[in-house]
file protein-v7.cif (mmCIF, C-alpha atoms)
data_run
#
loop_
_atom_site.label_atom_id
_atom_site.label_comp_id
_atom_site.auth_asym_id
_atom_site.auth_seq_id
_atom_site.Cartn_x
_atom_site.Cartn_y
_atom_site.Cartn_z
CA MET A 252 -6.00 6.36 21.38
CA ASP A 253 -9.27 7.85 20.07
CA ARG A 254 -8.24 11.45 20.71
CA LEU A 255 -8.34 13.72 17.65
CA ALA A 256 -4.62 14.53 17.93
CA VAL A 257 -3.69 10.83 17.92
CA LEU A 258 -6.01 10.02 15.02
CA SER A 259 -4.73 12.98 13.00
CA ALA A 260 -1.13 12.00 13.62
CA GLY A 261 -1.85 8.36 12.72
CA VAL A 262 -3.48 9.37 9.44
CA ALA A 263 -0.73 11.89 8.64
CA ILE A 264 2.16 9.51 9.28
CA SER A 265 0.45 6.87 7.14
CA ALA A 266 0.08 9.35 4.27
CA LEU A 267 3.78 10.23 4.50
CA GLY A 268 4.76 6.56 4.70
CA ALA A 269 2.83 5.80 1.49
CA LEU A 270 4.12 8.87 -0.38
CA THR A 271 6.51 7.03 -2.70
CA PHE A 272 4.01 4.31 -3.55
CA ASN A 273 1.38 6.84 -4.64
CA LEU A 274 3.96 8.73 -6.72
CA LEU A 275 5.45 5.51 -8.12
CA PRO A 276 4.43 5.95 -11.80
CA LEU A 277 5.67 9.55 -11.79
CA PHE A 278 8.81 8.55 -9.89
CA LEU A 279 9.75 5.76 -12.31
CA GLY A 280 8.71 7.66 -15.43
CA THR A 281 10.74 10.71 -14.44
CA ALA A 282 13.75 8.54 -13.60
CA GLN A 283 13.57 7.00 -17.07
CA ASP A 284 13.23 10.35 -18.83
CA PHE A 285 15.99 12.19 -16.97
CA ARG A 286 18.36 9.31 -16.16
CA ASP A 287 17.94 7.45 -19.45
CA LEU A 288 16.92 4.19 -17.76
CA SER A 289 15.49 1.15 -19.51
CA ASP A 290 12.17 -0.38 -18.41
CA GLN A 291 14.07 -3.09 -16.55
CA ALA A 292 16.36 -0.58 -14.81
CA ALA A 293 13.37 1.53 -13.78
CA GLY A 294 11.69 -1.58 -12.40
CA MET A 295 14.82 -2.45 -10.43
CA LEU A 296 14.86 1.06 -8.99
CA GLY A 297 11.28 0.68 -7.78
CA SER A 298 11.99 -2.76 -6.37
CA SER A 299 15.05 -1.48 -4.51
CA PHE A 300 12.82 0.95 -2.63
CA TYR A 301 10.46 -1.82 -1.60
CA THR A 302 13.31 -4.14 -0.71
CA GLY A 303 14.32 -1.67 1.98
CA PHE A 304 10.66 -1.12 2.85
CA THR A 305 9.87 -4.82 3.24
CA LEU A 306 13.00 -5.81 5.13
CA THR A 307 12.36 -3.06 7.66
CA THR A 308 8.67 -3.95 7.91
CA ILE A 309 9.51 -7.55 8.76
CA THR A 310 11.59 -6.36 11.73
CA ALA A 311 8.77 -4.10 13.01
CA TYR A 312 7.26 -7.01 14.93
CA PHE A 313 10.28 -6.85 17.27
CA TRP A 314 10.59 -3.08 17.79
CA VAL A 315 7.26 -1.34 17.20
CA ARG A 316 6.02 -2.02 20.76
CA ARG A 317 9.35 -1.40 22.47
CA PHE A 318 10.43 2.09 21.41
CA ASN A 319 8.94 5.57 21.71
CA TRP A 320 6.87 6.18 18.57
CA ARG A 321 7.50 9.92 18.48
CA VAL A 322 11.27 9.51 18.78
CA VAL A 323 11.41 6.81 16.11
CA SER A 324 9.18 8.78 13.73
CA PHE A 325 11.08 12.04 14.03
CA SER A 326 14.31 10.09 13.49
CA ALA A 327 13.00 8.38 10.35
CA VAL A 328 11.84 11.60 8.64
CA PRO A 329 15.31 13.17 8.16
CA VAL A 330 16.77 9.82 7.08
CA ALA A 331 14.09 9.46 4.41
CA ALA A 332 14.45 13.07 3.27
CA ALA A 333 18.27 12.97 3.09
CA SER A 334 18.23 9.68 1.17
CA LEU A 335 15.79 11.06 -1.41
CA VAL A 336 17.84 14.21 -1.96
CA ALA A 337 21.10 12.24 -2.26
CA ALA A 338 19.45 9.82 -4.73
CA GLY A 339 18.29 12.78 -6.81
CA PHE A 340 21.87 13.97 -7.26
CA ALA A 341 23.50 10.51 -7.62
CA ASP A 342 25.21 9.80 -10.94
CA SER A 343 25.67 6.05 -10.43
CA PHE A 344 22.63 3.80 -10.84
CA LEU A 345 23.88 1.46 -8.09
CA LEU A 346 24.34 4.33 -5.67
CA MET A 347 20.92 5.68 -6.57
CA ALA A 348 19.33 2.26 -5.99
CA LEU A 349 21.11 1.89 -2.63
CA LEU A 350 19.94 5.32 -1.45
CA ILE A 351 16.39 4.57 -2.60
CA ALA A 352 16.51 1.32 -0.58
CA VAL A 353 17.56 3.29 2.52
CA ALA A 354 14.69 5.70 1.90
CA GLY A 355 12.36 2.71 1.61
CA GLY A 356 13.41 1.51 5.04
CA ALA A 357 12.73 4.93 6.57
CA PHE A 358 9.34 5.21 4.88
CA SER A 359 8.52 1.74 6.17
CA VAL A 360 9.10 2.89 9.75
CA LEU A 361 6.57 5.69 9.26
CA TYR A 362 4.03 3.45 7.59
CA GLY A 363 4.38 0.70 10.19
CA ILE A 364 3.89 3.07 13.10
CA GLY A 365 0.84 4.63 11.42
CA THR A 366 -0.71 1.21 10.90
CA THR A 367 -0.07 0.27 14.53
CA VAL A 368 -1.42 3.54 15.93
CA LEU A 369 -4.75 3.28 14.11
CA GLY A 370 -4.96 -0.43 14.90
CA ASP A 371 -4.95 0.44 18.59
CA THR A 372 -8.06 2.63 18.34
CA SER A 373 -11.52 1.41 19.24
CA ARG A 374 -12.66 1.52 15.58
CA PRO A 375 -9.68 0.50 13.45
CA ALA A 376 -11.74 -0.39 10.36
CA ARG A 377 -13.14 3.15 10.13
CA TRP A 378 -9.78 4.83 10.58
CA TYR A 379 -8.02 2.46 8.17
CA GLY A 380 -10.49 3.59 5.52
CA LEU A 381 -9.66 7.23 6.27
CA LYS A 382 -5.96 6.31 6.32
CA ILE A 383 -6.02 4.88 2.80
CA ALA A 384 -8.09 7.81 1.54
CA SER A 385 -5.61 10.32 2.99
CA GLU A 386 -2.68 8.48 1.42
CA ALA A 387 -4.35 8.70 -1.98
CA GLY A 388 -5.36 12.32 -1.39
CA LEU A 389 -1.82 13.52 -0.73
CA GLY A 390 -0.58 11.63 -3.78
CA ALA A 391 -3.34 13.12 -5.93
CA ILE A 392 -2.38 16.67 -4.98
CA LEU A 393 1.28 16.08 -5.77
CA LEU A 394 0.55 14.26 -9.04
CA LEU A 395 -1.57 17.23 -10.11
CA ILE A 396 1.04 19.85 -9.25
CA LEU A 397 4.46 18.33 -9.91
CA PRO A 398 4.52 17.40 -13.64
CA GLY A 399 3.90 20.91 -15.01
CA THR A 400 5.94 22.72 -12.38
CA VAL A 401 8.80 20.96 -10.61
CA ILE A 402 9.52 18.16 -13.08
CA GLU A 403 9.23 20.37 -16.16
CA HIS A 404 11.92 22.70 -14.80
CA TRP A 405 14.12 20.54 -12.58
CA GLY A 406 13.46 16.94 -13.65
CA PHE A 407 14.22 13.94 -11.48
CA THR A 408 16.39 15.88 -9.03
CA GLY A 409 13.60 18.37 -8.48
CA LEU A 410 11.12 15.57 -7.83
CA MET A 411 13.36 13.99 -5.20
CA VAL A 412 14.00 17.31 -3.45
CA THR A 413 10.31 18.17 -3.48
CA MET A 414 9.36 14.83 -1.91
CA ALA A 415 11.93 15.50 0.82
CA VAL A 416 10.50 18.97 1.40
CA VAL A 417 6.98 17.55 1.71
CA LEU A 418 8.23 15.13 4.38
CA ILE A 419 9.90 17.88 6.40
CA VAL A 420 7.05 20.39 6.05
CA LEU A 421 4.34 17.90 7.12
CA SER A 422 6.37 16.24 9.88
CA PRO A 423 5.05 18.59 12.64
CA LEU A 424 1.70 16.81 12.24
CA LEU A 425 3.35 13.79 13.86
CA ALA A 426 3.70 15.60 17.19
CA GLY A 427 0.34 14.16 18.23
CA LEU A 428 1.66 10.61 18.20
CA PRO A 429 1.58 8.86 21.56
CA ALA A 430 4.79 7.42 22.94
CA ARG A 431 3.30 3.94 22.68
CA GLY A 432 -0.03 2.21 22.19
CA LEU A 433 -2.27 -0.25 23.99
CA LYS A 434 -1.46 -3.93 23.97
CA GLY A 435 -1.66 -6.98 26.20
CA VAL A 436 -4.79 -8.88 25.26
CA GLU A 437 -5.26 -12.24 26.94
CA VAL A 438 -5.80 -15.23 24.66
CA THR A 439 -8.65 -17.60 25.52
CA ALA A 440 -8.57 -21.39 25.39
CA GLN A 441 -10.85 -21.19 22.35
CA GLN A 442 -8.36 -18.96 20.56
CA ARG A 443 -5.45 -21.22 21.47
CA ALA A 444 -7.45 -24.11 20.05
CA SER A 445 -7.56 -22.32 16.70
CA LYS A 446 -3.84 -22.92 16.32
CA ARG A 447 -4.50 -26.65 16.39
CA VAL A 448 -6.97 -26.50 13.46
CA PRO A 449 -4.88 -27.23 10.34
CA ALA A 450 -7.60 -26.06 7.93
CA LEU A 451 -7.77 -22.66 9.66
CA SER A 452 -4.00 -22.23 9.55
CA VAL A 453 -3.95 -23.10 5.85
CA ALA A 454 -6.81 -20.66 5.21
CA ILE A 455 -4.95 -17.81 6.92
CA TRP A 456 -1.82 -18.40 4.84
CA LEU A 457 -3.95 -18.53 1.69
CA ALA A 458 -5.47 -15.21 2.71
CA LEU A 459 -2.02 -13.69 3.25
CA ALA A 460 -0.98 -14.99 -0.18
CA ALA A 461 -4.09 -13.34 -1.64
CA VAL A 462 -3.03 -10.00 -0.14
CA LEU A 463 0.46 -10.42 -1.60
CA VAL A 464 -0.78 -11.32 -5.10
CA PHE A 465 -3.39 -8.53 -5.07
CA LEU A 466 -0.74 -5.93 -4.25
CA PHE A 467 1.64 -7.47 -6.80
CA CYS A 468 -1.00 -7.16 -9.53
CA THR A 469 -2.12 -3.63 -8.76
CA THR A 470 1.38 -2.27 -8.13
CA MET A 471 2.74 -3.78 -11.34
CA ILE A 472 0.05 -1.98 -13.35
CA TRP A 473 0.28 1.23 -11.30
CA ALA A 474 4.05 1.42 -11.75
CA PHE A 475 3.83 1.46 -15.55
CA VAL A 476 0.50 3.12 -16.42
CA GLU A 477 2.39 6.36 -17.00
CA ARG A 478 4.65 4.58 -19.51
CA VAL A 479 1.62 3.09 -21.28
CA ALA A 480 0.23 6.58 -21.87
CA ASN A 481 3.65 7.97 -22.75
CA ILE A 482 4.14 5.29 -25.41
CA ALA A 483 0.71 6.16 -26.80
CA GLY A 484 1.94 9.73 -27.29
CA PHE A 485 -0.32 11.51 -24.80
CA ASP A 486 0.64 14.88 -23.30
CA THR A 487 2.80 14.62 -20.17
CA VAL A 488 0.81 17.15 -18.14
CA ALA A 489 -2.46 15.48 -19.15
CA ILE A 490 -1.07 12.14 -17.99
CA GLY A 491 -0.19 13.68 -14.63
CA ASP A 492 -3.73 15.07 -14.35
CA ALA A 493 -5.17 11.61 -15.10
CA LEU A 494 -2.93 10.01 -12.46
CA SER A 495 -4.01 12.63 -9.94
CA LEU A 496 -7.69 12.09 -10.77
CA GLY A 497 -7.08 8.36 -10.44
CA LEU A 498 -5.87 8.77 -6.87
CA VAL A 499 -9.02 10.74 -6.06
CA PHE A 500 -10.99 7.71 -7.24
CA ALA A 501 -8.73 5.44 -5.17
CA ALA A 502 -9.68 7.49 -2.12
CA CYS A 503 -13.36 7.16 -3.11
CA GLY A 504 -12.94 3.39 -3.35
CA SER A 505 -11.44 3.24 0.14
CA LEU A 506 -14.19 5.44 1.55
CA ALA A 507 -16.76 3.18 -0.12
CA ALA A 508 -15.13 0.19 1.57
CA MET A 509 -15.27 2.02 4.91
CA ILE A 510 -18.99 2.74 4.47
CA LEU A 511 -19.84 -0.78 3.27
CA GLY A 512 -17.92 -2.59 6.00
CA GLU A 513 -19.14 -6.19 6.13
CA ARG A 514 -22.74 -5.24 5.34
CA PHE A 515 -22.63 -7.40 2.21
CA GLY A 516 -20.01 -9.84 3.47
CA LEU A 517 -16.56 -10.13 1.93
CA THR A 518 -17.18 -12.27 -1.14
CA LEU A 519 -19.39 -9.80 -3.01
CA PRO A 520 -17.20 -6.66 -2.64
CA LEU A 521 -14.03 -8.64 -3.40
CA THR A 522 -15.59 -10.01 -6.58
CA LEU A 523 -16.85 -6.56 -7.55
CA ALA A 524 -13.39 -5.02 -7.05
CA ALA A 525 -11.80 -7.76 -9.18
CA LEU A 526 -14.33 -7.34 -12.00
CA LEU A 527 -13.89 -3.57 -12.05
CA LEU A 528 -10.13 -3.96 -12.20
CA LEU A 529 -10.35 -6.46 -15.06
CA GLY A 530 -12.57 -4.00 -16.91
CA SER A 531 -10.00 -1.25 -16.44
CA LEU A 532 -7.27 -3.46 -17.88
CA ALA A 533 -9.41 -4.12 -20.94
CA LEU A 534 -9.83 -0.36 -21.38
CA PHE A 535 -6.08 0.24 -21.01
CA GLY A 536 -5.44 -2.34 -23.71
CA SER A 537 -7.85 -0.79 -26.22
CA MET A 538 -7.62 2.94 -25.42
CA ASP A 539 -7.39 5.31 -28.36
CA SER A 540 -7.71 8.68 -26.65
CA MET A 541 -6.71 10.56 -23.52
CA ALA A 542 -10.33 10.42 -22.34
CA ALA A 543 -10.36 6.62 -22.57
CA TYR A 544 -7.08 6.51 -20.65
CA ALA A 545 -8.54 8.71 -17.90
CA VAL A 546 -11.64 6.52 -17.59
CA ALA A 547 -9.49 3.37 -17.40
CA MET A 548 -7.30 5.03 -14.77
CA CYS A 549 -10.24 6.02 -12.57
CA LEU A 550 -11.81 2.57 -12.84
CA PHE A 551 -8.50 0.90 -11.99
CA THR A 552 -7.73 3.05 -8.97
CA PHE A 553 -11.30 2.86 -7.62
CA SER A 554 -11.16 -0.94 -7.73
CA PHE A 555 -7.71 -0.85 -6.12
CA GLY A 556 -8.91 1.39 -3.28
CA LEU A 557 -12.01 -0.74 -2.81
CA GLY A 558 -10.19 -4.07 -2.86
CA ILE A 559 -7.33 -3.46 -0.41
CA PRO A 560 -9.43 -3.07 2.78
CA PHE A 561 -11.49 -6.17 1.99
CA MET A 562 -8.44 -8.26 1.13
CA VAL A 563 -6.89 -7.40 4.50
CA SER A 564 -10.27 -8.04 6.14
CA VAL A 565 -10.17 -11.64 4.92
CA VAL A 566 -7.06 -12.19 7.07
CA ALA A 567 -8.64 -10.35 10.01
CA ASP A 568 -11.83 -12.42 9.71
CA LEU A 569 -9.89 -15.68 9.97
CA ASP A 570 -7.29 -14.52 12.51
CA VAL A 571 -9.01 -15.51 15.75
CA ASP A 572 -6.04 -14.97 18.09
CA GLY A 573 -4.78 -11.78 16.44
CA CYS A 574 -1.28 -13.06 15.64
CA PHE A 575 -1.45 -12.95 11.85
CA VAL A 576 -2.95 -9.58 10.89
CA VAL A 577 0.43 -7.93 11.38
CA LEU A 578 1.80 -10.16 8.63
CA THR A 579 -0.36 -8.36 6.07
CA VAL A 580 2.16 -5.50 6.12
CA PRO A 581 5.17 -7.57 4.94
CA ALA A 582 2.82 -9.40 2.55
CA ILE A 583 1.96 -6.05 1.03
CA GLY A 584 5.65 -5.11 1.00
CA ILE A 585 6.73 -8.30 -0.78
CA GLY A 586 4.01 -7.91 -3.42
CA VAL A 587 4.97 -4.29 -4.01
CA MET A 588 8.69 -5.15 -4.03
CA LEU A 589 8.36 -7.81 -6.74
CA ALA A 590 5.98 -5.86 -8.95
CA PRO A 591 8.19 -3.11 -10.49
CA VAL A 592 11.10 -5.34 -11.50
CA LEU A 593 8.85 -8.06 -12.97
CA GLY A 594 6.66 -5.43 -14.59
CA GLY A 595 9.70 -3.83 -16.18
CA ALA A 596 10.84 -7.20 -17.50
CA LEU A 597 7.39 -7.83 -18.99
CA MET A 598 7.34 -4.39 -20.61
CA ALA A 599 10.76 -5.03 -22.14
CA MET A 600 9.71 -8.49 -23.32
CA GLY A 601 6.31 -7.83 -24.87
CA GLY A 602 5.18 -4.29 -24.21
CA HIS A 603 2.14 -3.21 -22.25
CA ALA A 604 -0.12 -5.95 -23.69
CA VAL A 605 1.84 -8.66 -21.86
CA LEU A 606 1.89 -6.51 -18.72
CA LEU A 607 -1.89 -6.05 -18.74
CA MET A 608 -2.54 -9.73 -19.47
CA THR A 609 -0.31 -10.79 -16.58
CA GLY A 610 -2.08 -8.32 -14.33
CA GLY A 611 -5.46 -9.80 -15.26
CA PHE A 612 -4.42 -13.37 -14.51
CA SER A 613 -2.82 -12.24 -11.23
CA MET A 614 -6.05 -10.56 -10.14
CA LEU A 615 -8.08 -13.70 -10.86
CA PHE A 616 -5.53 -15.73 -8.87
CA ALA A 617 -5.71 -13.32 -5.90
CA LEU A 618 -9.51 -13.45 -5.90
CA SER A 619 -9.47 -17.27 -6.05
CA LEU A 620 -7.06 -17.47 -3.11
CA ALA A 621 -9.20 -15.11 -1.00
CA LEU A 622 -12.47 -16.92 -1.72
CA LEU A 623 -10.87 -20.30 -1.09
CA ALA A 624 -9.47 -19.04 2.21
CA LEU A 625 -12.92 -17.86 3.32
CA ARG A 626 -14.60 -21.11 2.28
CA LEU A 627 -11.96 -23.25 4.00
CA GLY A 628 -11.40 -21.27 7.19
CA ARG A 629 -14.58 -19.42 8.13
CA PRO A 630 -16.46 -22.38 9.66
CA HIS A 631 -13.45 -23.18 11.88
CA ALA A 632 -12.91 -19.52 12.81
CA ARG A 633 -16.52 -19.18 13.93
CA ALA A 634 -16.26 -22.38 15.94
CA VAL A 635 -13.32 -21.15 18.03
CA ARG A 636 -14.15 -17.44 18.20
CA PRO A 637 -15.13 -16.13 21.66
CA PRO A 638 -18.94 -15.93 22.13
CA THR A 639 -18.88 -12.12 22.25
CA GLY A 640 -17.19 -11.97 18.84
CA GLY A 641 -14.51 -9.77 20.34
CA GLN A 642 -11.30 -10.08 22.28
CA ALA A 643 -11.19 -11.93 25.57
CA ALA A 644 -9.84 -9.01 27.57
CA GLU A 645 -9.46 -5.28 27.38
CA PRO A 646 -6.08 -3.96 26.25
CA ILE A 647 -3.88 -2.55 28.94
CA ALA A 648 -1.28 0.19 28.72
#

call {"tool": "encode", "arguments": {"input": "protein-v7.cif", "output": "structure tokens"}}
result
Amino acid sequence: MDRLAVLSAGVAISALGALTFNLLPLFLGTAQDFRDLSDQAAGMLGSSFYTGFTLTTITAYFWVRRFNWRVVSFSAVPVAAASLVAAGFADSFLLMALLIAVAGGAFSVLYGIGTTVLGDTSRPARWYGLKIASEAGLGAILLLILPGTVIEHWGFTGLMVTMAVVLIVLSPLLAGLPARGLKGVEVTAQQRASKRVPALSVAIWLALAAVLVFLFCTTMIWAFVERVANIAGFDTVAIGDALSLGLVFAACGSLAAMILGERFGLTLPLTLAALLLLGSLALFGSMDSMAAYAVAMCLFTFSFGLGIPFMVSVVADLDVDGCFVVLTVPAIGIGVMLAPVLGGALMAMGGHAVLLMTGGFSMLFALSLALLALRLGRPHARAVRPPTGGQAAEPIA
């Protein structure tokens, strides 16, 4: 699982699986401009994608270890591509939303397999950092190129077709995927005892809730930052450049998290990420120039990229028997699914000021949940963790 071909394929499939999320502001903004959608309708369109994404992710627990990863991946790619193209040509909003939901399910398959592949390596934390950076990197390139080229000439349909082409062109990178991974770890009596510690169980669910709220907050802002700049009257191409630069900073945040690891614990980097994000929201609310918007964007995305790995690490730190980490994926999906539709409703109700204020309170709530989970569960997790700090047995094929 540590071979270069496997690692490359795991990173590549993750980047493809996260493609729509990283293009979300451009996707929703272009849909509004060329399909004459309201803020609420655009939010519903984004949420329909993540409805399909989340529902499929929830089922991954039952199939991801049973079927050939290469076969499933190469089956999901054409489904995702065809759904995007069909949605780009759809005249009915309901049909468009349905096709986007199907695409979400296909993208979820890719993302779930990528997460599982890298989780089976000997150093998952390192490769998860590279995974998130690669996801942001691909999005940054497309956000830089698409606004002044494809979208300017072919609009929403062109964007959908281009995303499908990217999927097809990059799909050969998935050939390095193994047919299946490594699983079968024995659970010790200490780890079984952890299930009988109510405080630890509560702490894990609080940590999962923190992941959900964190993704809800960041996705809600990310989905509509393009609209905030558009309302302010900034140039469309310049907005695309700022979004692209923002994703570069998101990758830097994830790489910073990879380098830091748990050197300074979890509390300090989580608090830092939250404070940086709150600062970015303040800048978004008071911006008066394109430069201020770009600075706010970079600060926001850096904090986002820095915070995600540590939020997920809270669950991993408390999950002694390894049964709950997989639930971070549907937690992320639910947070992302709810964010666009509620964000659109907030934009329609009170403009971007209400959106930013809600995002700030959500971030404080997510941070509080994570810190409470650590305070409540860490002593119990350490008490029942195996003496070596690792798993009780080596994984078997």

call {"tool": "residues_around", "arguments": {"input": "protein-v7.cif", "residues": "region 382-386 of chain A", "least_positions_apart": "6", "cutoff": "7 Å", "atoms": "all atoms listed in the file", "output": "ChimeraX atom specification"}}
result
/A:262,265-266,269,502,505-506

call {"tool": "closest_residue", "arguments": {"input": "protein-v7.cif", "among": "A:Gly365, A:Gly497, A:Gly380, A:Gly516", "to": "Leu425 (chain A)", "atoms": "all atoms listed in the file"}}
result
A:Gly365

call {"tool": "atom_distance", "arguments": {"input": "protein-v7.cif", "atom1": "CA of Ser495 (chain A)", "atom2": "CA of Leu395 (chain A)"}}
result
5.2 Å

call {"tool": "residues_around", "arguments": {"input": "protein-v7.cif", "residues": "Leu463 (chain A)", "least_positions_apart": "2", "cutoff": "7 Å", "atoms": "only C-alpha atoms", "output": "mmCIF file with C-alpha atoms, keeping the file's coordinate frame"}}
result
data_model
loop_
_atom_site.group_PDB
_atom_site.id
_atom_site.type_symbol
_atom_site.label_atom_id
_atom_site.label_comp_id
_atom_site.auth_asym_id
_atom_site.auth_seq_id
_atom_site.Cartn_x
_atom_site.Cartn_y
_atom_site.Cartn_z
ATOM 1 C CA LEU A 459 -2.020 -13.690 3.250
ATOM 2 C CA ALA A 460 -0.980 -14.990 -0.180
ATOM 3 C CA ALA A 461 -4.090 -13.340 -1.640
ATOM 4 C CA PHE A 465 -3.390 -8.530 -5.070
ATOM 5 C CA LEU A 466 -0.740 -5.930 -4.250
ATOM 6 C CA PHE A 467 1.640 -7.470 -6.800
ATOM 7 C CA ALA A 582 2.820 -9.400 2.550
ATOM 8 C CA ILE A 583 1.960 -6.050 1.030
ATOM 9 C CA ILE A 585 6.730 -8.300 -0.780
ATOM 10 C CA GLY A 586 4.010 -7.910 -3.420
#

call {"tool": "closest_atom_pairs", "arguments": {"input": "protein-v7.cif", "of": "region 449-488 of chain A", "to": "region 283-302 of chain A", "cutoff": "12 Å", "atoms": "only C-alpha atoms", "output": "CSV"}}
result
residue,atom,partner,partner_atom,distance
A:Phe467,CA,A:Ser298,CA,11.4
A:Thr470,CA,A:Gly297,CA,10.3
A:Met471,CA,A:Gly294,CA,9.3
A:Ile472,CA,A:Gly294,CA,11.7
A:Trp473,CA,A:Gly297,CA,11.6
A:Ala474,CA,A:Gly294,CA,8.2
A:Phe475,CA,A:Gly294,CA,9.0
A:Glu477,CA,A:Gln283,CA,11.2
A:Arg478,CA,A:Asp290,CA,9.1
A:Val479,CA,A:Asp290,CA,11.5
A:Asn481,CA,A:Asp284,CA,10.6
A:Thr487,CA,A:Asp284,CA,11.3

call {"tool": "write_last_selection", "arguments": {"input": "protein-v7.cif", "atoms": "C-alpha atoms", "output": "PDB file, in the frame of the given file"}}
result
ATOM      1  CA  PHE A 467       1.640  -7.470  -6.800  1.00  0.00           C
ATOM      2  CA  THR A 470       1.380  -2.270  -8.130  1.00  0.00           C
ATOM      3  CA  MET A 471       2.740  -3.780 -11.340  1.00  0.00           C
ATOM      4  CA  ILE A 472       0.050  -1.980 -13.350  1.00  0.00           C
ATOM      5  CA  TRP A 473       0.280   1.230 -11.300  1.00  0.00           C
ATOM      6  CA  ALA A 474       4.050   1.420 -11.750  1.00  0.00           C
ATOM      7  CA  PHE A 475       3.830   1.460 -15.550  1.00  0.00           C
ATOM      8  CA  GLU A 477       2.390   6.360 -17.000  1.00  0.00           C
ATOM      9  CA  ARG A 478       4.650   4.580 -19.510  1.00  0.00           C
ATOM     10  CA  VAL A 479       1.620   3.090 -21.280  1.00  0.00           C
ATOM     11  CA  ASN A 481       3.650   7.970 -22.750  1.00  0.00           C
ATOM     12  CA  THR A 487       2.800  14.620 -20.170  1.00  0.00           C
TER      13      THR A 487
END

call {"tool": "resolve_selection", "arguments": {"input": "protein-v7.cif", "expression": "the PyMOL selection byres ((chain A and resi 524-526) around 8)", "output": "NGL selection string"}}
result
:A and (520-523 or 527-530 or 554-555 or 557-558 or 614-615 or 618)

call {"tool": "residues_around", "arguments": {"input": "protein-v7.cif", "residues": "Leu418 (chain A)", "least_positions_apart": "6", "cutoff": "8 Å", "atoms": "only C-alpha atoms", "output": "list in words"}}
result
Leu267, Val328 and Ala332 of chain A

call {"tool": "decode", "arguments": {"input": "protein-v7.cif", "residues": "region 532-546 of chain A", "atoms": "N, CA and C atoms", "output": "PDB file, in the first residue's frame"}}
result
ATOM      1  N   LEU A 532     -13.560  36.362   8.091  1.00  0.00           N
ATOM      2  CA  LEU A 532     -14.960  36.767   7.972  1.00  0.00           C
ATOM      3  C   LEU A 532     -15.119  38.259   8.251  1.00  0.00           C
ATOM      4  N   ALA A 533     -14.348  38.760   9.218  1.00  0.00           N
ATOM      5  CA  ALA A 533     -14.383  40.197   9.502  1.00  0.00           C
ATOM      6  C   ALA A 533     -13.902  40.992   8.287  1.00  0.00           C
ATOM      7  N   LEU A 534     -12.869  40.488   7.605  1.00  0.00           N
ATOM      8  CA  LEU A 534     -12.365  41.167   6.417  1.00  0.00           C
ATOM      9  C   LEU A 534     -13.379  41.114   5.277  1.00  0.00           C
ATOM     10  N   PHE A 535     -14.047  39.975   5.097  1.00  0.00           N
ATOM     11  CA  PHE A 535     -15.081  39.880   4.069  1.00  0.00           C
ATOM     12  C   PHE A 535     -16.190  40.904   4.326  1.00  0.00           C
ATOM     13  N   GLY A 536     -16.530  41.089   5.590  1.00  0.00           N
ATOM     14  CA  GLY A 536     -17.622  42.000   5.919  1.00  0.00           C
ATOM     15  C   GLY A 536     -17.287  43.461   5.736  1.00  0.00           C
ATOM     16  N   SER A 537     -15.995  43.807   5.765  1.00  0.00           N
ATOM     17  CA  SER A 537     -15.608  45.218   5.681  1.00  0.00           C
ATOM     18  C   SER A 537     -14.788  45.545   4.438  1.00  0.00           C
ATOM     19  N   MET A 538     -14.664  44.608   3.502  1.00  0.00           N
ATOM     20  CA  MET A 538     -13.790  44.820   2.340  1.00  0.00           C
ATOM     21  C   MET A 538     -14.298  45.975   1.482  1.00  0.00           C
ATOM     22  N   ASP A 539     -13.347  46.744   0.944  1.00  0.00           N
ATOM     23  CA  ASP A 539     -13.698  47.853   0.067  1.00  0.00           C
ATOM     24  C   ASP A 539     -12.873  47.862  -1.213  1.00  0.00           C
ATOM     25  N   SER A 540     -12.134  46.783  -1.448  1.00  0.00           N
ATOM     26  CA  SER A 540     -11.322  46.687  -2.656  1.00  0.00           C
ATOM     27  C   SER A 540     -11.093  45.233  -3.007  1.00  0.00           C
ATOM     28  N   MET A 541     -10.647  45.000  -4.244  1.00  0.00           N
ATOM     29  CA  MET A 541     -10.353  43.649  -4.685  1.00  0.00           C
ATOM     30  C   MET A 541      -9.180  43.072  -3.901  1.00  0.00           C
ATOM     31  N   ALA A 542      -8.224  43.924  -3.525  1.00  0.00           N
ATOM     32  CA  ALA A 542      -7.078  43.460  -2.749  1.00  0.00           C
ATOM     33  C   ALA A 542      -7.518  42.949  -1.381  1.00  0.00           C
ATOM     34  N   ALA A 543      -8.428  43.681  -0.740  1.00  0.00           N
ATOM     35  CA  ALA A 543      -8.935  43.252   0.568  1.00  0.00           C
ATOM     36  C   ALA A 543      -9.683  41.935   0.445  1.00  0.00           C
ATOM     37  N   TYR A 544     -10.434  41.784  -0.645  1.00  0.00           N
ATOM     38  CA  TYR A 544     -11.161  40.530  -0.889  1.00  0.00           C
ATOM     39  C   TYR A 544     -10.182  39.375  -1.045  1.00  0.00           C
ATOM     40  N   ALA A 545      -9.089  39.599  -1.787  1.00  0.00           N
ATOM     41  CA  ALA A 545      -8.100  38.542  -2.008  1.00  0.00           C
ATOM     42  C   ALA A 545      -7.422  38.138  -0.699  1.00  0.00           C
ATOM     43  N   VAL A 546      -7.108  39.122   0.142  1.00  0.00           N
ATOM     44  CA  VAL A 546      -6.486  38.818   1.436  1.00  0.00           C
ATOM     45  C   VAL A 546      -7.438  38.003   2.307  1.00  0.00           C
TER      46      VAL A 546
END
